[in-house]
$ cat entry-v3.cif   # mmCIF, C-alpha atoms and all ligand atoms
data_start
#
loop_
_atom_site.label_atom_id
_atom_site.label_comp_id
_atom_site.auth_asym_id
_atom_site.auth_seq_id
_atom_site.Cartn_x
_atom_site.Cartn_y
_atom_site.Cartn_z
CA MET L 20 107.58 133.78 119.18
CA ALA L 21 108.70 137.15 117.86
CA ARG L 22 111.42 138.94 119.75
CA ARG L 23 111.11 142.61 120.57
CA ASN L 24 113.37 143.83 117.78
CA ASP L 25 111.69 141.66 115.15
CA PRO L 26 109.89 143.38 112.29
CA ALA L 27 106.71 141.74 113.60
CA TRP L 28 106.95 143.82 116.77
CA PHE L 29 107.52 146.96 114.78
CA LEU L 30 104.45 146.25 112.66
CA PHE L 31 102.39 145.57 115.75
CA GLY L 32 103.54 148.86 117.28
CA ALA L 33 102.71 150.76 114.11
CA MET L 34 99.25 149.23 114.02
CA VAL L 35 98.59 150.15 117.64
CA MET L 36 99.65 153.73 116.91
CA LEU L 37 97.39 153.85 113.87
CA LEU L 38 94.49 152.63 115.97
CA PHE L 39 95.15 155.37 118.51
CA ALA L 40 95.30 157.97 115.74
CA ALA L 41 92.00 156.70 114.34
CA ALA L 42 90.42 156.84 117.80
CA ALA L 43 91.71 160.39 118.25
CA ALA L 44 90.30 161.45 114.89
CA ALA L 45 86.94 159.89 115.74
CA ALA L 46 86.92 161.62 119.12
CA ALA L 47 87.73 164.94 117.47
CA ALA L 48 84.99 164.49 114.90
CA GLN L 49 82.26 163.59 117.40
CA GLY L 50 79.87 166.39 118.13
CA CYS L 51 81.60 168.47 115.52
CA ALA L 52 79.32 167.25 112.78
CA PRO L 53 77.86 170.26 111.01
CA ALA L 54 75.41 171.71 113.49
CA ASN L 55 72.74 174.27 112.80
CA PHE L 56 73.02 177.41 114.86
CA GLN L 57 71.18 180.69 114.89
CA PRO L 58 72.28 183.07 112.12
CA GLY L 59 75.55 184.76 112.96
CA GLN L 60 76.62 182.00 115.35
CA SER L 61 79.58 179.78 114.49
CA PHE L 62 82.28 178.19 116.60
CA GLN L 63 85.83 177.01 116.07
CA ARG L 64 85.82 174.06 118.44
CA CYS L 65 83.51 171.59 120.01
CA THR L 66 83.50 168.58 122.24
CA ASP L 67 81.02 165.91 123.10
CA LEU L 68 80.56 166.01 126.83
CA PRO L 69 80.84 162.54 128.36
CA VAL L 70 77.29 162.26 129.71
CA LEU L 71 73.71 163.46 129.10
CA GLY L 72 74.22 163.61 125.33
CA ALA L 73 75.39 167.21 125.56
CA SER L 74 77.90 169.05 123.40
CA LEU L 75 79.82 172.27 123.89
CA TYR L 76 80.87 174.51 120.98
CA TRP L 77 83.12 177.50 121.51
CA THR L 78 85.53 180.08 120.18
CA TYR L 79 88.19 181.28 122.61
CA HIS L 80 89.62 184.80 122.23
CA PRO L 81 93.06 184.97 123.90
CA THR L 82 93.28 188.75 123.50
CA ASN L 83 90.44 189.41 125.92
CA GLY L 84 90.10 186.06 127.69
CA THR L 85 86.52 185.48 126.58
CA ALA L 86 84.81 182.47 125.07
CA ASP L 87 81.76 182.63 122.82
CA LEU L 88 79.96 179.37 123.36
CA ALA L 89 76.95 177.25 122.60
CA PHE L 90 75.83 174.48 124.91
CA ARG L 91 73.46 171.99 123.31
CA ALA L 92 71.68 169.18 125.13
CA PRO L 93 68.70 166.98 124.31
CA GLN L 94 65.70 167.36 126.60
CA SER L 95 61.93 167.11 126.49
CA SER L 96 60.01 170.38 126.30
CA SER L 97 58.95 169.88 129.92
CA GLY L 98 62.52 169.89 131.17
CA TRP L 99 65.47 172.21 131.68
CA VAL L 100 69.17 172.06 130.88
CA ALA L 101 72.09 173.99 132.33
CA TRP L 102 75.76 174.69 131.71
CA GLY L 103 78.22 176.56 133.86
CA ILE L 104 81.62 177.06 135.41
CA ASN L 105 82.57 176.28 138.98
CA THR L 106 84.84 179.05 140.23
CA GLU L 107 85.43 177.41 143.60
CA ARG L 108 86.34 173.77 143.03
CA PRO L 109 86.26 170.98 140.44
CA SER L 110 83.67 168.21 140.27
CA SER L 111 81.04 170.08 142.23
CA MET L 112 77.65 171.64 141.65
CA ALA L 113 77.92 173.95 144.65
CA GLY L 114 80.10 176.91 143.75
CA SER L 115 79.04 176.93 140.11
CA SER L 116 77.74 179.85 138.12
CA VAL L 117 75.20 178.40 135.70
CA PHE L 118 72.92 179.27 132.82
CA ILE L 119 69.64 177.34 133.07
CA ALA L 120 67.41 177.23 129.99
CA SER L 121 63.74 176.31 130.13
CA LEU L 122 60.64 176.84 128.03
CA ASP L 123 58.07 179.29 129.31
CA GLY L 124 54.76 177.76 130.26
CA ASN L 125 52.72 178.34 127.12
CA GLY L 126 55.13 176.73 124.70
CA GLY L 127 56.62 180.16 124.23
CA ALA L 128 60.09 181.52 124.47
CA VAL L 129 63.07 179.93 126.15
CA SER L 130 64.26 181.92 129.13
CA VAL L 131 67.67 181.69 130.74
CA LEU L 132 68.22 181.91 134.47
CA MET L 133 71.72 183.09 135.42
CA THR L 134 72.46 181.97 138.93
CA TYR L 135 75.18 181.07 141.38
CA LEU L 136 74.62 177.76 143.14
CA GLU L 137 75.49 178.42 146.79
CA THR L 138 74.77 174.87 147.87
CA THR L 139 73.29 171.72 146.41
CA SER L 140 69.88 173.15 147.36
CA PRO L 141 70.31 176.55 145.72
CA THR L 142 67.86 179.45 145.85
CA LEU L 143 68.08 179.93 142.05
CA THR L 144 68.01 183.72 142.26
CA ASN L 145 68.44 185.27 138.83
CA GLY L 146 71.41 187.56 138.21
CA THR L 147 73.77 186.24 140.88
CA LEU L 148 76.55 184.88 138.63
CA LYS L 149 80.17 185.05 139.77
CA LEU L 150 81.24 185.31 136.13
CA ASP L 151 81.45 188.25 133.78
CA VAL L 152 79.06 187.86 130.89
CA PRO L 153 79.96 190.39 128.18
CA VAL L 154 77.24 189.07 125.87
CA ALA L 155 74.01 188.03 127.59
CA PRO L 156 72.67 184.55 126.88
CA VAL L 157 69.96 183.64 124.42
CA ALA L 158 68.55 180.15 124.11
CA GLU L 159 66.43 178.14 121.72
CA TYR L 160 64.55 174.87 121.80
CA THR L 161 64.68 173.02 118.48
CA ALA L 162 64.32 169.38 117.46
CA GLY L 163 64.24 168.10 121.03
CA ALA L 164 67.30 169.98 122.22
CA TYR L 165 68.06 173.21 124.00
CA THR L 166 70.92 175.42 122.87
CA ILE L 167 72.27 178.18 125.11
CA TYR L 168 74.42 180.85 123.43
CA VAL L 169 76.50 183.07 125.66
CA THR L 170 79.85 184.81 125.91
CA VAL L 171 81.71 184.48 129.19
CA ALA L 172 84.93 185.97 130.47
CA LEU L 173 86.87 182.94 131.63
CA PRO L 174 87.38 183.42 135.39
CA GLY L 175 90.93 184.37 136.33
CA ASN L 176 91.68 184.66 132.60
CA SER L 177 92.51 180.98 132.80
CA THR L 178 91.82 178.67 129.88
CA GLN L 179 91.30 175.71 132.21
CA GLN L 180 87.92 175.76 133.87
CA ASN L 181 85.82 173.43 135.99
CA THR L 182 82.76 173.03 133.80
CA VAL L 183 79.43 171.56 134.86
CA TRP L 184 76.24 170.73 133.02
CA GLN L 185 72.91 169.24 133.95
CA ALA L 186 69.38 168.34 132.86
CA GLY L 187 66.20 167.95 134.84
CA ALA L 188 62.43 168.32 134.85
CA LEU L 189 60.18 171.32 135.38
CA SER L 190 57.48 171.07 138.02
CA GLY L 191 54.64 173.56 137.73
CA GLY L 192 56.86 175.68 135.49
CA GLN L 193 59.58 175.73 138.14
CA ILE L 194 63.02 174.17 137.93
CA ALA L 195 62.89 170.92 139.88
CA PRO L 196 66.02 169.20 141.23
CA HIS L 197 67.83 167.05 138.70
CA PRO L 198 67.66 163.26 138.88
CA MET L 199 70.35 161.45 140.86
CA SER L 200 71.25 158.97 138.12
CA VAL L 201 74.89 158.10 137.50
CA SER L 202 74.96 160.38 134.45
CA ASN L 203 73.54 163.32 136.39
CA MET L 204 76.24 162.83 139.02
CA GLN L 205 79.09 162.65 136.50
CA SER L 206 78.36 165.81 134.56
CA THR L 207 81.51 167.77 135.41
CA MET L 208 84.71 168.15 133.45
CA VAL L 209 87.88 170.21 133.53
CA LEU L 210 87.95 171.77 130.08
CA ASP L 211 90.86 173.61 128.50
CA PHE L 212 89.36 176.21 126.21
CA LEU L 213 92.71 176.80 124.50
CA SER L 214 93.88 173.31 123.59
CA GLY L 215 90.31 172.25 123.04
CA GLY L 216 88.30 169.13 123.51
CA GLY L 217 87.95 168.18 119.91
CA GLY L 218 87.22 170.58 117.15
CA THR L 219 87.12 171.24 113.48
CA SER L 220 90.45 173.00 113.43
CA THR L 221 92.65 170.56 115.31
CA GLY L 222 93.04 166.85 115.74
CA ALA L 223 95.95 165.91 117.93
CA PRO L 224 95.51 168.27 120.90
CA SER L 225 91.97 167.10 121.48
CA PHE L 226 93.17 163.58 122.09
CA GLU L 227 95.33 164.78 124.93
CA VAL L 228 92.40 166.61 126.42
CA HIS L 229 90.27 163.53 126.18
CA ARG L 230 92.91 161.51 127.97
CA ARG L 231 93.37 164.15 130.62
CA ASN L 232 89.64 164.36 131.20
CA LEU L 233 89.47 160.64 131.50
CA ARG L 234 92.18 160.77 134.14
CA SER L 235 90.54 163.45 136.18
CA PHE L 236 87.22 161.69 135.81
CA TRP L 237 88.64 158.50 137.21
CA GLY L 238 90.60 160.52 139.72
CA LEU L 239 87.25 161.54 141.15
CA LYS L 240 86.24 158.02 141.85
CA ARG L 241 89.44 156.92 143.48
CA SER L 242 89.01 156.75 147.23
CA PRO L 243 91.53 158.58 149.40
CA PRO L 244 94.46 156.54 150.66
CA VAL L 245 93.53 154.56 153.70
CA MET L 246 96.13 154.49 156.46
CA LYS L 247 95.35 151.05 157.68
CA GLY L 248 96.35 150.29 161.21
CA TYR L 249 97.94 153.71 161.61
CA HIS L 250 96.79 154.20 165.17
CA MET L 251 97.69 150.69 166.20
CA ARG L 252 101.37 150.95 165.48
CA PRO L 253 103.57 151.63 168.48
C1 LIG X 301 94.47 187.10 129.37
O1 LIG X 301 95.68 186.40 129.21
C2 LIG X 301 96.31 186.62 127.96
C3 LIG X 301 97.53 185.77 127.91
O2 LIG X 301 97.25 184.45 128.18
C4 LIG X 301 96.66 188.08 127.81
O3 LIG X 301 97.22 188.30 126.54
C5 LIG X 301 95.39 188.92 127.95
O4 LIG X 301 95.72 190.26 127.94
C6 LIG X 301 94.67 188.58 129.23
N1 LIG X 301 93.37 189.25 129.21
C7 LIG X 301 92.85 189.83 130.27
C8 LIG X 301 91.52 190.42 130.09
O5 LIG X 301 93.42 189.84 131.36
C1 LIG X 302 67.01 186.77 134.28
O1 LIG X 302 67.29 188.13 134.13
C2 LIG X 302 67.55 188.53 132.79
C3 LIG X 302 67.81 190.01 132.76
O2 LIG X 302 68.79 190.36 133.66
C4 LIG X 302 66.35 188.24 131.91
O3 LIG X 302 66.64 188.54 130.57
C5 LIG X 302 65.99 186.77 132.02
O4 LIG X 302 64.81 186.49 131.29
C6 LIG X 302 65.79 186.38 133.46
N1 LIG X 302 65.56 184.96 133.55
C7 LIG X 302 64.47 184.43 134.06
C8 LIG X 302 64.38 182.94 134.03
O5 LIG X 302 63.58 185.10 134.53
C1 LIG X 303 87.09 189.68 122.28
O1 LIG X 303 87.97 189.72 121.18
C2 LIG X 303 87.42 189.26 119.96
C3 LIG X 303 88.48 189.34 118.90
O2 LIG X 303 89.71 188.94 119.33
C4 LIG X 303 86.23 190.09 119.56
O3 LIG X 303 85.65 189.57 118.39
C5 LIG X 303 85.21 190.06 120.67
O4 LIG X 303 84.14 190.93 120.36
C6 LIG X 303 85.84 190.48 121.98
N1 LIG X 303 84.86 190.29 123.02
C7 LIG X 303 84.62 191.18 123.95
C8 LIG X 303 83.57 190.83 124.91
O5 LIG X 303 85.20 192.24 124.01
#

$ encode --input "entry-v3.cif" --output "structure tokens"
Amino acid sequence: MARRNDPAWFLFGAMVMLLFAAAAAAAAAQGCAPANFQPGQSFQRCTDLPVLGASLYWTYHPTNGTADLAFRAPQSSSGWVAWGINTERPSSMAGSSVFIASLDGNGGAVSVLMTYLETTSPTLTNGTLKLDVPVAPVAEYTAGAYTIYVTVALPGNSTQQNTVWQAGALSGGQIAPHPMSVSNMQSTMVLDFLSGGGGTSTGAPSFEVHRRNLRSFWGLKRSPPVMKGYHMRP
């Protein structure tokens, strides 16, 4: 058996580190494959969101605290997709300001509803965002995916935001509640717009973001500490 200070251990360690580096590079590259955007739209960073096949592309401007972004998610033409920021709390739909894209009835244009979700049964009133939107959204539906382009002022001028995204069906042209599948329940993530979640310009920082997201994701599922027998002790 090799002892810890043997060259074999060193080699093993180096290989493990190489594997991690390769994984980080792969994570950074995902979703950053050359993507077609509308003319005049390009982004410095992107990340594959962990569920629903969605990706987020963005450019963060530290001087004015805004982010130009594109949210892309696959969906049938009879469905809707949404992306937003929760200004109240992480890991929650209620309290989010969201952009919901859907195709108009007659296969026409894609419209974007900008609404604050008061509860998990929101009224979906247009124009109620609790975010500043210096450049109004536009959206497109191409090749089985919606893309929402918008510029937002990051709330509190903070680069870390509670992001949410979602996909669901339309019913009679109206936005119907999203499914309750595991993926639809896990579509939240704390994203740092500065350090990035993958991107064409950086490699290493994105890995840290991925790990942090993983932690907070699992953090969600951990049950609160149970104080067993607390009341029974003298
Ligand atoms: C946002 O914060 C940055 C520093 O992180 C600062 O330079 C900038 O002026 C702030 N912008 C606004 C709009 O408050
Ligand atoms: C919401 O209002 C904006 C204008 O403020 C408009 O451009 C947009 O089409 C509206 N969205 C819907 C779904 O009606
Ligand atoms: C924010 O600053 C960038 C350059 O740093 C500029 O291109 C962009 O237009 C600004 N956005 C707003 C909404 O002022």

$ closest_residue --input "entry-v3.cif" --among "L:Ile194, L:Leu75, L:Ile104, L:Val70" --to "Thr182 (chain L)" --atoms "only C-alpha atoms"
L:Ile104

$ closest_atom_pairs --input "entry-v3.cif" --of "chain L" --to "ligand LIG 302 (chain X)" --cutoff "10 Å" --atoms "all atoms listed in the file" --output "JSON lines"
{"residue": "L:Phe118", "atom": "CA", "partner": "X:LIG302", "partner_atom": "N1", "distance": 9.3}
{"residue": "L:Ile119", "atom": "CA", "partner": "X:LIG302", "partner_atom": "C8", "distance": 7.7}
{"residue": "L:Ala120", "atom": "CA", "partner": "X:LIG302", "partner_atom": "C8", "distance": 7.6}
{"residue": "L:Ser121", "atom": "CA", "partner": "X:LIG302", "partner_atom": "C8", "distance": 7.7}
{"residue": "L:Leu122", "atom": "CA", "partner": "X:LIG302", "partner_atom": "C8", "distance": 9.3}
{"residue": "L:Asp123", "atom": "CA", "partner": "X:LIG302", "partner_atom": "C8", "distance": 8.7}
{"residue": "L:Ala128", "atom": "CA", "partner": "X:LIG302", "partner_atom": "O4", "distance": 9.7}
{"residue": "L:Val129", "atom": "CA", "partner": "X:LIG302", "partner_atom": "O4", "distance": 8.5}
{"residue": "L:Ser130", "atom": "CA", "partner": "X:LIG302", "partner_atom": "C8", "distance": 5.0}
{"residue": "L:Val131", "atom": "CA", "partner": "X:LIG302", "partner_atom": "N1", "distance": 4.8}
{"residue": "L:Leu132", "atom": "CA", "partner": "X:LIG302", "partner_atom": "C8", "distance": 4.0}
{"residue": "L:Met133", "atom": "CA", "partner": "X:LIG302", "partner_atom": "C1", "distance": 6.1}
{"residue": "L:Thr134", "atom": "CA", "partner": "X:LIG302", "partner_atom": "C1", "distance": 8.6}
{"residue": "L:Leu143", "atom": "CA", "partner": "X:LIG302", "partner_atom": "C8", "distance": 9.3}
{"residue": "L:Thr144", "atom": "CA", "partner": "X:LIG302", "partner_atom": "C1", "distance": 8.6}
{"residue": "L:Asn145", "atom": "CA", "partner": "X:LIG302", "partner_atom": "C1", "distance": 5.0}
{"residue": "L:Gly146", "atom": "CA", "partner": "X:LIG302", "partner_atom": "O1", "distance": 5.8}
{"residue": "L:Thr147", "atom": "CA", "partner": "X:LIG302", "partner_atom": "C1", "distance": 9.5}
{"residue": "L:Ala155", "atom": "CA", "partner": "X:LIG302", "partner_atom": "O3", "distance": 8.0}
{"residue": "L:Pro156", "atom": "CA", "partner": "X:LIG302", "partner_atom": "O3", "distance": 8.1}
{"residue": "L:Val157", "atom": "CA", "partner": "X:LIG302", "partner_atom": "O3", "distance": 8.5}
{"residue": "L:Gln193", "atom": "CA", "partner": "X:LIG302", "partner_atom": "C8", "distance": 9.6}
{"residue": "L:Ile194", "atom": "CA", "partner": "X:LIG302", "partner_atom": "C8", "distance": 9.7}

$ axis_aligned_box --input "entry-v3.cif" --around "region 60-63 of chain L" --padding-each-side "5 Å" --output "AutoDock Vina command-line options"
--center_x 81.2 --center_y 179.5 --center_z 115.5 --size_x 19.2 --size_y 15.0 --size_z 12.1

$ residues_near_ligand --input "entry-v3.cif" --ligand "ligand LIG 301 (chain X)" --cutoff "7 Å" --atoms "all atoms listed in the file" --output "PyMOL selection string"
chain L and resi 81-84+176

$ closest_atom_pairs --input "entry-v3.cif" --of "chain L" --to "ligand LIG 303 (chain X)" --cutoff "9 Å" --atoms "only C-alpha atoms and all ligand atoms" --output "tab-separated table"
residue	atom	partner	partner_atom	distance
L:Tyr79	CA	X:LIG303	C2	8.4
L:His80	CA	X:LIG303	O2	5.1
L:Pro81	CA	X:LIG303	O2	6.9
L:Thr82	CA	X:LIG303	O2	5.5
L:Asn83	CA	X:LIG303	C1	5.0
L:Gly84	CA	X:LIG303	C1	7.2
L:Thr85	CA	X:LIG303	C1	6.0
L:Ala86	CA	X:LIG303	C1	8.1
L:Asp87	CA	X:LIG303	N1	8.3
L:Val152	CA	X:LIG303	C8	8.1
L:Pro153	CA	X:LIG303	C8	4.9
L:Val154	CA	X:LIG303	C8	6.6
L:Thr170	CA	X:LIG303	C8	7.1
L:Val171	CA	X:LIG303	C8	7.9
L:Ala172	CA	X:LIG303	C8	7.5

$ closest_residue --input "entry-v3.cif" --among "L:Thr207, L:Thr142, L:Ser190, L:Gln179" --to "Gly98 (chain L)" --atoms "only C-alpha atoms"
L:Ser190

$ closest_residue --input "entry-v3.cif" --among "L:Gly59, L:Gly114, L:Gly192, L:Pro69" --to "Gln205 (chain L)" --atoms "all atoms listed in the file"
L:Pro69

$ residues_around --input "entry-v3.cif" --residues "Asn203 (chain L)" --least-positions-apart "5" --cutoff "12 Å" --atoms "all atoms listed in the file" --output "MDAnalysis selection string"
chainID L and resid 69:73 100:101 110:112 183:187 196:198

$ closest_residue --input "entry-v3.cif" --among "L:Asn125, L:Ser97, L:Gln57, L:Thr78" --to "Gly163 (chain L)" --atoms "all atoms listed in the file"
L:Ser97

$ atom_distance --input "entry-v3.cif" --atom1 "CA of Tyr165 (chain L)" --atom2 "CA of Gln94 (chain L)"
6.8 Å

$ closest_residue --input "entry-v3.cif" --among "L:Asn105, L:Thr139, L:Ala92, L:Ala195" --to "Val209 (chain L)" --atoms "only C-alpha atoms"
L:Asn105

$ atom_distance --input "entry-v3.cif" --atom1 "CA of Phe62 (chain L)" --atom2 "CA of Leu148 (chain L)"
23.7 Å

$ closest_residue --input "entry-v3.cif" --among "L:Cys65, L:Ile167, L:Ala158, L:Ala188" --to "Gly127 (chain L)" --atoms "all atoms listed in the file"
L:Ala158

$ atom_distance --input "entry-v3.cif" --atom1 "CA of Ala89 (chain L)" --atom2 "CA of Ser140 (chain L)"
26.1 Å

$ residues_around --input "entry-v3.cif" --residues "Ser74 (chain L)" --least-positions-apart "6" --cutoff "9 Å" --atoms "all atoms listed in the file" --output "number ranges by chain"
L: 50-51, 65-68, 89-92
